[in-house]
file target.cif (mmCIF, C-alpha atoms and all ligand atoms)
data_protein
#
loop_
_atom_site.label_atom_id
_atom_site.label_comp_id
_atom_site.auth_asym_id
_atom_site.auth_seq_id
_atom_site.Cartn_x
_atom_site.Cartn_y
_atom_site.Cartn_z
CA MET A 1 -4.97 16.91 -13.96
CA SER A 2 -1.64 15.17 -14.45
CA ARG A 3 -0.74 17.02 -17.63
CA PHE A 4 2.82 17.54 -16.51
CA ILE A 5 3.34 14.53 -14.34
CA LYS A 6 4.19 11.18 -15.78
CA HIS A 7 6.27 9.48 -13.13
CA VAL A 8 6.19 9.64 -9.34
CA GLY A 9 8.80 7.88 -7.20
CA ILE A 10 8.00 7.04 -3.60
CA ILE A 11 10.44 6.35 -0.78
CA MET A 12 8.17 4.56 1.67
CA ASP A 13 9.76 5.25 5.03
CA GLY A 14 8.59 4.89 8.61
CA ASN A 15 7.03 1.43 8.78
CA GLY A 16 9.21 0.40 11.71
CA ARG A 17 8.54 3.59 13.68
CA TRP A 18 4.80 3.32 13.02
CA ALA A 19 4.78 -0.15 14.57
CA GLN A 20 7.07 0.74 17.47
CA LEU A 21 4.87 3.71 18.39
CA ARG A 22 2.01 1.24 18.82
CA GLY A 23 4.03 -1.36 20.68
CA LEU A 24 3.73 -3.70 17.69
CA PRO A 25 6.44 -5.75 15.97
CA ARG A 26 8.04 -4.01 12.97
CA TYR A 27 6.44 -6.41 10.49
CA GLU A 28 3.01 -5.00 11.37
CA GLY A 29 4.26 -1.70 9.95
CA HIS A 30 5.42 -3.42 6.76
CA LYS A 31 2.07 -5.25 6.46
CA ARG A 32 0.18 -2.01 6.69
CA GLY A 33 2.72 -0.50 4.29
CA VAL A 34 1.70 -3.02 1.64
CA GLU A 35 -1.96 -1.94 1.98
CA LYS A 36 -0.83 1.62 1.35
CA VAL A 37 0.96 0.55 -1.84
CA LYS A 38 -2.39 -0.78 -3.13
CA GLU A 39 -4.20 2.42 -2.16
CA ILE A 40 -1.66 4.67 -3.90
CA ILE A 41 -1.72 2.53 -7.07
CA ARG A 42 -5.53 2.99 -7.25
CA SER A 43 -5.10 6.68 -6.69
CA ALA A 44 -2.38 7.05 -9.36
CA ILE A 45 -4.65 5.36 -11.91
CA ARG A 46 -7.40 7.86 -11.11
CA LEU A 47 -4.92 10.74 -11.44
CA ASN A 48 -3.77 9.48 -14.84
CA ILE A 49 -0.15 9.04 -13.80
CA ASP A 50 1.85 6.76 -16.12
CA VAL A 51 4.51 5.36 -13.79
CA LEU A 52 4.87 4.86 -10.04
CA THR A 53 8.15 3.63 -8.58
CA PHE A 54 8.08 2.27 -5.03
CA TYR A 55 11.32 1.87 -3.09
CA ALA A 56 10.35 -1.46 -1.56
CA PHE A 57 13.73 -2.91 -0.58
CA SER A 58 17.10 -1.25 -0.94
CA ILE A 59 20.32 -3.10 -1.59
CA GLU A 60 21.41 -1.95 1.89
CA ASN A 61 18.27 -3.54 3.40
CA TRP A 62 19.89 -6.99 2.96
CA GLN A 63 21.90 -6.04 6.04
CA ARG A 64 18.79 -5.90 8.25
CA PRO A 65 18.23 -8.78 10.72
CA LYS A 66 17.63 -12.04 8.84
CA LYS A 67 14.13 -12.41 10.30
CA GLU A 68 13.03 -8.96 9.07
CA VAL A 69 14.44 -9.61 5.60
CA GLU A 70 12.51 -12.89 5.48
CA ILE A 71 9.30 -11.17 6.52
CA ILE A 72 9.64 -8.46 3.87
CA MET A 73 10.43 -11.06 1.18
CA ASP A 74 7.40 -13.14 2.27
CA LEU A 75 5.18 -10.08 2.17
CA LEU A 76 6.46 -9.23 -1.27
CA GLN A 77 5.96 -12.72 -2.58
CA ASN A 78 2.44 -13.05 -1.11
CA HIS A 79 1.49 -9.60 -2.29
CA LEU A 80 2.52 -10.35 -5.87
CA ARG A 81 0.78 -13.74 -5.89
CA LYS A 82 -2.42 -12.26 -4.47
CA GLU A 83 -2.41 -9.10 -6.55
CA THR A 84 -1.53 -10.41 -10.01
CA GLN A 85 -5.18 -10.72 -11.07
CA THR A 86 -5.99 -7.29 -9.61
CA PHE A 87 -3.02 -5.79 -11.49
CA ILE A 88 -4.35 -7.31 -14.70
CA SER A 89 -7.90 -6.10 -14.12
CA GLN A 90 -6.63 -2.60 -13.24
CA GLY A 91 -4.29 -2.54 -16.24
CA VAL A 92 -1.20 -2.33 -14.02
CA ARG A 93 2.07 -3.53 -15.47
CA PHE A 94 4.38 -4.71 -12.71
CA LYS A 95 8.08 -4.23 -13.27
CA MET A 96 11.06 -4.74 -11.01
CA ILE A 97 14.20 -2.62 -10.96
CA GLY A 98 17.21 -3.70 -8.92
CA ASN A 99 19.89 -6.32 -8.62
CA ARG A 100 18.33 -9.66 -9.58
CA ASP A 101 21.48 -11.65 -8.76
CA MET A 102 21.02 -10.96 -5.03
CA ILE A 103 17.38 -12.11 -4.82
CA PRO A 104 16.60 -15.70 -3.72
CA LYS A 105 15.53 -17.80 -6.68
CA ASN A 106 12.01 -18.59 -5.41
CA ILE A 107 11.26 -14.88 -4.87
CA LEU A 108 12.75 -13.92 -8.23
CA ASN A 109 10.54 -16.52 -9.92
CA VAL A 110 7.41 -14.90 -8.48
CA ILE A 111 8.68 -11.45 -9.49
CA GLU A 112 9.36 -12.58 -13.05
CA GLU A 113 6.05 -14.44 -13.31
CA THR A 114 4.22 -11.27 -12.29
CA GLU A 115 6.22 -9.21 -14.77
CA SER A 116 5.35 -11.56 -17.56
CA ALA A 117 1.65 -11.94 -16.58
CA THR A 118 1.17 -8.16 -16.57
CA SER A 119 3.47 -7.28 -19.49
CA GLU A 120 0.61 -6.19 -21.77
CA CYS A 121 -1.10 -3.95 -19.18
CA LYS A 122 -1.25 -0.34 -20.29
CA GLU A 123 -2.94 1.78 -17.61
CA LEU A 124 -0.03 2.26 -15.22
CA ILE A 125 3.50 0.92 -14.79
CA ALA A 126 4.15 0.03 -11.15
CA GLN A 127 7.92 -0.27 -10.78
CA PHE A 128 9.10 -1.86 -7.58
CA ALA A 129 12.68 -1.14 -6.62
CA ILE A 130 13.77 -4.37 -4.94
CA SER A 131 17.35 -5.12 -3.95
CA TYR A 132 17.88 -1.74 -5.54
CA GLY A 133 20.65 0.80 -5.20
CA GLY A 134 21.15 3.68 -7.61
CA ARG A 135 24.94 3.32 -7.53
CA ASP A 136 24.70 -0.43 -8.03
CA GLU A 137 22.43 0.17 -11.04
CA ILE A 138 24.98 2.61 -12.51
CA ILE A 139 27.86 0.18 -11.97
CA ARG A 140 25.89 -2.66 -13.59
CA ALA A 141 25.22 -0.35 -16.57
CA VAL A 142 28.92 0.51 -16.87
CA LYS A 143 29.82 -3.19 -16.82
CA LYS A 144 27.30 -3.89 -19.61
CA ILE A 145 28.83 -1.10 -21.68
CA ILE A 146 32.35 -2.47 -21.18
CA ILE A 147 31.35 -6.08 -21.83
CA ASN A 148 29.69 -5.00 -25.12
CA ASN A 149 32.95 -3.30 -26.21
CA THR A 150 31.01 -0.07 -26.75
CA VAL A 151 32.95 2.65 -28.58
CA PRO A 152 33.27 5.85 -26.48
CA GLU A 153 31.55 7.99 -29.18
CA LYS A 154 28.37 6.00 -28.64
CA VAL A 155 28.15 6.85 -24.95
CA ASP A 156 25.96 9.88 -24.32
CA GLU A 157 23.25 10.52 -21.72
CA ASP A 158 20.47 8.88 -23.72
CA PHE A 159 22.60 5.82 -24.41
CA PHE A 160 23.62 5.54 -20.77
CA SER A 161 19.96 5.83 -19.66
CA SER A 162 19.11 2.98 -22.00
CA MET A 163 21.55 0.73 -20.12
CA LEU A 164 19.85 1.29 -16.76
CA ASP A 165 17.08 -0.87 -15.27
CA THR A 166 14.69 1.99 -16.03
CA ALA A 167 15.40 1.96 -19.79
CA GLY A 168 12.45 3.38 -21.70
CA ILE A 169 10.77 4.78 -18.57
CA PRO A 170 10.46 8.58 -18.26
CA GLU A 171 12.49 10.12 -15.44
CA PRO A 172 10.62 10.80 -12.19
CA ASP A 173 8.97 14.23 -12.17
CA LEU A 174 8.34 14.01 -8.46
CA ILE A 175 9.85 11.99 -5.62
CA ILE A 176 7.91 11.69 -2.38
CA ARG A 177 9.59 10.60 0.83
CA THR A 178 7.57 9.93 3.94
CA SER A 179 8.46 9.99 7.66
CA GLY A 180 10.29 13.31 7.83
CA GLU A 181 13.66 12.15 6.47
CA GLN A 182 15.07 14.36 3.73
CA ARG A 183 17.50 12.16 1.84
CA ILE A 184 17.62 10.31 -1.48
CA SER A 185 19.14 7.16 0.09
CA ASN A 186 20.52 5.74 -3.17
CA PHE A 187 17.09 5.85 -4.91
CA LEU A 188 17.03 6.62 -8.67
CA VAL A 189 20.34 8.47 -8.38
CA TRP A 190 20.86 9.05 -12.12
CA GLN A 191 17.18 9.48 -12.97
CA SER A 192 16.40 12.10 -10.29
CA ALA A 193 18.73 14.77 -11.72
CA TYR A 194 15.75 17.05 -12.49
CA SER A 195 13.14 15.66 -10.11
CA GLU A 196 11.16 17.74 -7.66
CA PHE A 197 10.98 16.49 -4.07
CA TYR A 198 8.11 16.34 -1.62
CA PHE A 199 8.96 15.47 1.96
CA SER A 200 6.13 14.41 4.22
CA GLN A 201 6.19 14.03 8.00
CA THR A 202 3.65 11.21 7.77
CA LEU A 203 4.90 7.68 8.41
CA TRP A 204 4.27 5.49 5.34
CA PRO A 205 1.57 3.32 7.00
CA ASP A 206 -0.42 6.51 7.70
CA PHE A 207 0.07 8.01 4.23
CA THR A 208 -3.23 8.60 2.45
CA GLU A 209 -4.64 9.09 -0.98
CA GLU A 210 -5.49 12.66 0.07
CA GLU A 211 -1.87 13.44 0.91
CA PHE A 212 -0.73 11.84 -2.33
CA THR A 213 -3.09 14.13 -4.26
CA GLU A 214 -1.83 17.08 -2.21
CA ALA A 215 1.76 16.24 -3.22
CA ILE A 216 0.74 16.13 -6.89
CA LEU A 217 -1.07 19.47 -6.62
CA ASP A 218 1.93 20.98 -4.86
CA PHE A 219 4.16 19.73 -7.69
CA GLN A 220 1.88 21.24 -10.30
CA LYS A 221 2.24 24.67 -8.71
CA ARG A 222 6.03 24.59 -9.03
CA GLN A 223 7.88 25.99 -12.00
CA ARG A 224 10.29 23.55 -13.56
CA ARG A 225 12.97 25.17 -15.63
CA PHE A 226 15.57 22.41 -16.10
CA GLY A 227 18.31 25.04 -15.87
CA LYS A 228 16.66 27.17 -18.56
CA VAL A 229 14.56 30.31 -18.37
CA SER A 230 11.19 29.21 -19.65
CA GLU A 231 8.86 26.75 -17.92
CA PHE A 232 8.22 23.15 -18.90
CA THR A 233 10.95 22.79 -21.45
CA ARG A 234 13.20 19.79 -21.27
CA PRO A 235 16.85 19.91 -22.24
C1 LIG A 301 10.77 1.56 5.38
O1 LIG A 301 10.37 1.51 6.68
C2 LIG A 301 10.28 0.44 4.65
C3 LIG A 301 11.03 -0.58 4.17
C4 LIG A 301 12.48 -0.74 4.31
C5 LIG A 301 10.43 -1.67 3.47
C6 LIG A 301 9.25 -1.21 2.71
C7 LIG A 301 8.45 -2.36 2.56
C8 LIG A 301 7.14 -2.35 2.45
C9 LIG A 301 6.23 -1.21 2.38
C10 LIG A 301 6.56 -3.61 2.33
C11 LIG A 301 7.07 -4.19 1.11
C12 LIG A 301 6.30 -3.73 -0.04
C13 LIG A 301 5.78 -4.64 -0.76
C14 LIG A 301 4.85 -4.36 -1.83
C15 LIG A 301 6.12 -5.99 -0.39
P1 LIG A 301 11.47 1.27 7.78
O2 LIG A 301 11.39 -0.15 8.19
O3 LIG A 301 12.79 1.73 7.31
O4 LIG A 301 10.93 2.20 8.90
P2 LIG A 301 11.75 2.94 10.03
O5 LIG A 301 12.65 3.93 9.34
O6 LIG A 301 10.67 3.62 10.82
O7 LIG A 301 12.49 1.90 10.80
#

call {"tool": "encode", "arguments": {"input": "target.cif", "output": "structure tokens", "more": "lines below"}}
Ligand code: FPP
result
Amino acid sequence: MSRFIKHVGIIMDGNGRWAQLRGLPRYEGHKRGVEKVKEIIRSAIRLNIDVLTFYAFSIENWQRPKKEVEIIMDLLQNHLRKETQTFISQGVRFKMIGNRDMIPKNILNVIEETESATSECKELIAQFAISYGGRDEIIRAVKKIIINNTVPEKVDEDFFSSMLDTAGIPEPDLIIRTSGEQRISNFLVWQSAYSEFYFSQTLWPDFTEEEFTEAILDFQKRQRRFGKVSEFTRP
């Protein structure tokens, strides 16, 4: 089924609104959001997708109220601790993209432990964008290039891609955003140059495996030309 789809990026939006609509605190929306992450990972494995990237915490999200940031970080930490064995049994390799310098040490330890425990898993790569901003990622790549005294002739698109957090990962074929917003919000800015987009009205905590499959089927009906005339040819 997923002949032409290797990588799906997901901007999980609407947790807060989902909770507010029910008179619940925002963290209840985030808690339910985590359950949806698990459901979509299972679904992606069944659909033979190679990579999923979840926008779990943007670099701008550090500016949210301290309490909410703490709750999201706790959820993340608990989720990774609890799920490591499941990741391994499902063949899921966990990988983080984002600015590691901004993450509290105890959280980063759990992230890096999970990365290392799942590093040999081959079924699916689950990338979590945490403390992530596309522009920040690009600036960090530029700094690496300068620090390494790279000669200008060496810098082309492939080389630049190899300096990003997503080095070695295929670019997203499809990016899904939930909750009715139609923006990229600093997610995979460089990598989404040729991505298709699927915008859903559903709030992330209500997103289902069925809608995920629908998004994939919708993608497969589209013709991707990458600026050329014929279908399915990459530059
Ligand atoms: C968007 O909803 C969601 C986030 C900013 C955080 C996403 C976090 C999770 C799904 C939980 C973390 C994931 C893991 C695996 C720990 P919002 O709060 O912006 O919703 P709103 O736009 O309705 O306010």

call {"tool": "atom_distance", "arguments": {"input": "target.cif", "atom1": "CA of Leu21 in chain A", "atom2": "atom O6 of ligand LIG 301 (chain A)"}}
result
9.5 Å

call {"tool": "closest_atom_pairs", "arguments": {"input": "target.cif", "of": "chain A", "to": "ligand LIG 301 (chain A)", "cutoff": "10 Å", "atoms": "all atoms listed in the file", "output": "JSON lines"}}
result
{"residue": "A:Ile11", "atom": "CA", "partner": "A:LIG301", "partner_atom": "C1", "distance": 7.8}
{"residue": "A:Met12", "atom": "CA", "partner": "A:LIG301", "partner_atom": "C1", "distance": 5.4}
{"residue": "A:Asp13", "atom": "CA", "partner": "A:LIG301", "partner_atom": "C1", "distance": 3.8}
{"residue": "A:Gly14", "atom": "CA", "partner": "A:LIG301", "partner_atom": "O6", "distance": 3.3}
{"residue": "A:Asn15", "atom": "CA", "partner": "A:LIG301", "partner_atom": "O1", "distance": 3.9}
{"residue": "A:Gly16", "atom": "CA", "partner": "A:LIG301", "partner_atom": "O6", "distance": 3.6}
{"residue": "A:Arg17", "atom": "CA", "partner": "A:LIG301", "partner_atom": "O6", "distance": 3.6}
{"residue": "A:Trp18", "atom": "CA", "partner": "A:LIG301", "partner_atom": "O6", "distance": 6.3}
{"residue": "A:Ala19", "atom": "CA", "partner": "A:LIG301", "partner_atom": "O6", "distance": 7.9}
{"residue": "A:Gln20", "atom": "CA", "partner": "A:LIG301", "partner_atom": "O6", "distance": 8.1}
{"residue": "A:Leu21", "atom": "CA", "partner": "A:LIG301", "partner_atom": "O6", "distance": 9.5}
{"residue": "A:Arg26", "atom": "CA", "partner": "A:LIG301", "partner_atom": "O2", "distance": 7.0}
{"residue": "A:Tyr27", "atom": "CA", "partner": "A:LIG301", "partner_atom": "O2", "distance": 8.3}
{"residue": "A:Glu28", "atom": "CA", "partner": "A:LIG301", "partner_atom": "C10", "distance": 9.8}
{"residue": "A:Gly29", "atom": "CA", "partner": "A:LIG301", "partner_atom": "O2", "distance": 7.5}
{"residue": "A:His30", "atom": "CA", "partner": "A:LIG301", "partner_atom": "C10", "distance": 4.6}
{"residue": "A:Lys31", "atom": "CA", "partner": "A:LIG301", "partner_atom": "C10", "distance": 6.3}
{"residue": "A:Arg32", "atom": "CA", "partner": "A:LIG301", "partner_atom": "C9", "distance": 7.5}
{"residue": "A:Gly33", "atom": "CA", "partner": "A:LIG301", "partner_atom": "C9", "distance": 4.1}
{"residue": "A:Val34", "atom": "CA", "partner": "A:LIG301", "partner_atom": "C14", "distance": 4.9}
{"residue": "A:Glu35", "atom": "CA", "partner": "A:LIG301", "partner_atom": "C14", "distance": 8.2}
{"residue": "A:Lys36", "atom": "CA", "partner": "A:LIG301", "partner_atom": "C9", "distance": 7.7}
{"residue": "A:Val37", "atom": "CA", "partner": "A:LIG301", "partner_atom": "C14", "distance": 6.3}
{"residue": "A:Lys38", "atom": "CA", "partner": "A:LIG301", "partner_atom": "C14", "distance": 8.2}
{"residue": "A:Phe54", "atom": "CA", "partner": "A:LIG301", "partner_atom": "C12", "distance": 8.0}
{"residue": "A:Tyr55", "atom": "CA", "partner": "A:LIG301", "partner_atom": "C6", "distance": 6.9}
{"residue": "A:Ala56", "atom": "CA", "partner": "A:LIG301", "partner_atom": "C6", "distance": 4.4}
{"residue": "A:Phe57", "atom": "CA", "partner": "A:LIG301", "partner_atom": "C5", "distance": 5.4}
{"residue": "A:Ser58", "atom": "CA", "partner": "A:LIG301", "partner_atom": "C4", "distance": 7.0}
{"residue": "A:Glu60", "atom": "CA", "partner": "A:LIG301", "partner_atom": "C4", "distance": 9.3}
{"residue": "A:Asn61", "atom": "CA", "partner": "A:LIG301", "partner_atom": "C4", "distance": 6.5}
{"residue": "A:Trp62", "atom": "CA", "partner": "A:LIG301", "partner_atom": "C4", "distance": 9.8}
{"residue": "A:Arg64", "atom": "CA", "partner": "A:LIG301", "partner_atom": "C4", "distance": 9.1}
{"residue": "A:Glu68", "atom": "CA", "partner": "A:LIG301", "partner_atom": "O2", "distance": 9.0}
{"residue": "A:Val69", "atom": "CA", "partner": "A:LIG301", "partner_atom": "C5", "distance": 9.1}
{"residue": "A:Ile71", "atom": "CA", "partner": "A:LIG301", "partner_atom": "C10", "distance": 9.1}
{"residue": "A:Ile72", "atom": "CA", "partner": "A:LIG301", "partner_atom": "C11", "distance": 5.7}
{"residue": "A:Met73", "atom": "CA", "partner": "A:LIG301", "partner_atom": "C15", "distance": 6.8}
{"residue": "A:Asp74", "atom": "CA", "partner": "A:LIG301", "partner_atom": "C15", "distance": 7.7}
{"residue": "A:Leu75", "atom": "CA", "partner": "A:LIG301", "partner_atom": "C15", "distance": 4.9}
{"residue": "A:Leu76", "atom": "CA", "partner": "A:LIG301", "partner_atom": "C15", "distance": 3.4}
{"residue": "A:Gln77", "atom": "CA", "partner": "A:LIG301", "partner_atom": "C15", "distance": 7.1}
{"residue": "A:Asn78", "atom": "CA", "partner": "A:LIG301", "partner_atom": "C15", "distance": 8.0}
{"residue": "A:His79", "atom": "CA", "partner": "A:LIG301", "partner_atom": "C15", "distance": 6.2}
{"residue": "A:Leu80", "atom": "CA", "partner": "A:LIG301", "partner_atom": "C14", "distance": 7.6}
{"residue": "A:Glu83", "atom": "CA", "partner": "A:LIG301", "partner_atom": "C14", "distance": 9.9}
{"residue": "A:Phe128", "atom": "CA", "partner": "A:LIG301", "partner_atom": "C14", "distance": 7.6}
{"residue": "A:Ala129", "atom": "CA", "partner": "A:LIG301", "partner_atom": "C12", "distance": 9.5}
{"residue": "A:Ile130", "atom": "CA", "partner": "A:LIG301", "partner_atom": "C12", "distance": 9.0}
{"residue": "A:Thr178", "atom": "CA", "partner": "A:LIG301", "partner_atom": "C1", "distance": 9.1}
{"residue": "A:Ser179", "atom": "CA", "partner": "A:LIG301", "partner_atom": "O6", "distance": 7.4}
{"residue": "A:Gly180", "atom": "CA", "partner": "A:LIG301", "partner_atom": "O5", "distance": 9.8}
{"residue": "A:Glu181", "atom": "CA", "partner": "A:LIG301", "partner_atom": "O5", "distance": 8.8}
{"residue": "A:Leu203", "atom": "CA", "partner": "A:LIG301", "partner_atom": "O6", "distance": 7.5}
{"residue": "A:Trp204", "atom": "CA", "partner": "A:LIG301", "partner_atom": "O1", "distance": 7.4}
{"residue": "A:Pro205", "atom": "CA", "partner": "A:LIG301", "partner_atom": "C9", "distance": 8.0}

call {"tool": "closest_atom_pairs", "arguments": {"input": "target.cif", "of": "range 64-150 of chain A", "to": "range 155-174 of chain A", "cutoff": "9 Å", "atoms": "all atoms listed in the file", "output": "tab-separated table"}}
result
residue	atom	partner	partner_atom	distance
A:Met96	CA	A:Asp165	CA	8.3
A:Ile97	CA	A:Asp165	CA	5.5
A:Gly98	CA	A:Asp165	CA	7.0
A:Gln127	CA	A:Thr166	CA	8.9
A:Glu137	CA	A:Leu164	CA	6.4
A:Ile138	CA	A:Leu164	CA	6.8
A:Arg140	CA	A:Leu164	CA	7.9
A:Ala141	CA	A:Met163	CA	5.2
A:Val142	CA	A:Met163	CA	8.1
A:Lys144	CA	A:Met163	CA	7.4
A:Ile145	CA	A:Met163	CA	7.7
A:Thr150	CA	A:Val155	CA	7.7

call {"tool": "closest_residue", "arguments": {"input": "target.cif", "among": "A:Arg135, A:Lys143, A:Arg224, A:Arg100", "to": "Ile184 in chain A", "atoms": "all atoms listed in the file"}}
result
A:Arg135

call {"tool": "atom_distance", "arguments": {"input": "target.cif", "atom1": "CA of Arg46 in chain A", "atom2": "CA of Ile176 in chain A"}}
result
18.0 Å

call {"tool": "atom_distance", "arguments": {"input": "target.cif", "atom1": "CA of Glu210 in chain A", "atom2": "CA of Thr84 in chain A"}}
result
25.5 Å

call {"tool": "closest_residue", "arguments": {"input": "target.cif", "among": "A:Ile146, A:Met102, A:Ile88, A:Val229", "to": "Lys122 in chain A", "atoms": "only C-alpha atoms"}}
result
A:Ile88

call {"tool": "axis_aligned_box", "arguments": {"input": "target.cif", "around": "range 188-201 of chain A", "padding_each_side": "4 Å", "output": "AutoDock Vina command-line options"}}
result
--center_x 13.5 --center_y 12.2 --center_z -2.5 --size_x 22.7 --size_y 19.1 --size_z 29.0

call {"tool": "residues_near_point", "arguments": {"input": "target.cif", "point": "(-6.6, 6.9, -3.2)", "cutoff": "12 Å", "atoms": "all atoms listed in the file", "output": "list of chain:residue names"}}
result
A:Glu35, A:Lys36, A:Val37, A:Lys38, A:Glu39, A:Ile40, A:Ile41, A:Arg42, A:Ser43, A:Ala44, A:Ile45, A:Arg46, A:Leu47, A:Phe207, A:Thr208, A:Glu209, A:Glu210, A:Glu211, A:Phe212, A:Thr213, A:Glu214
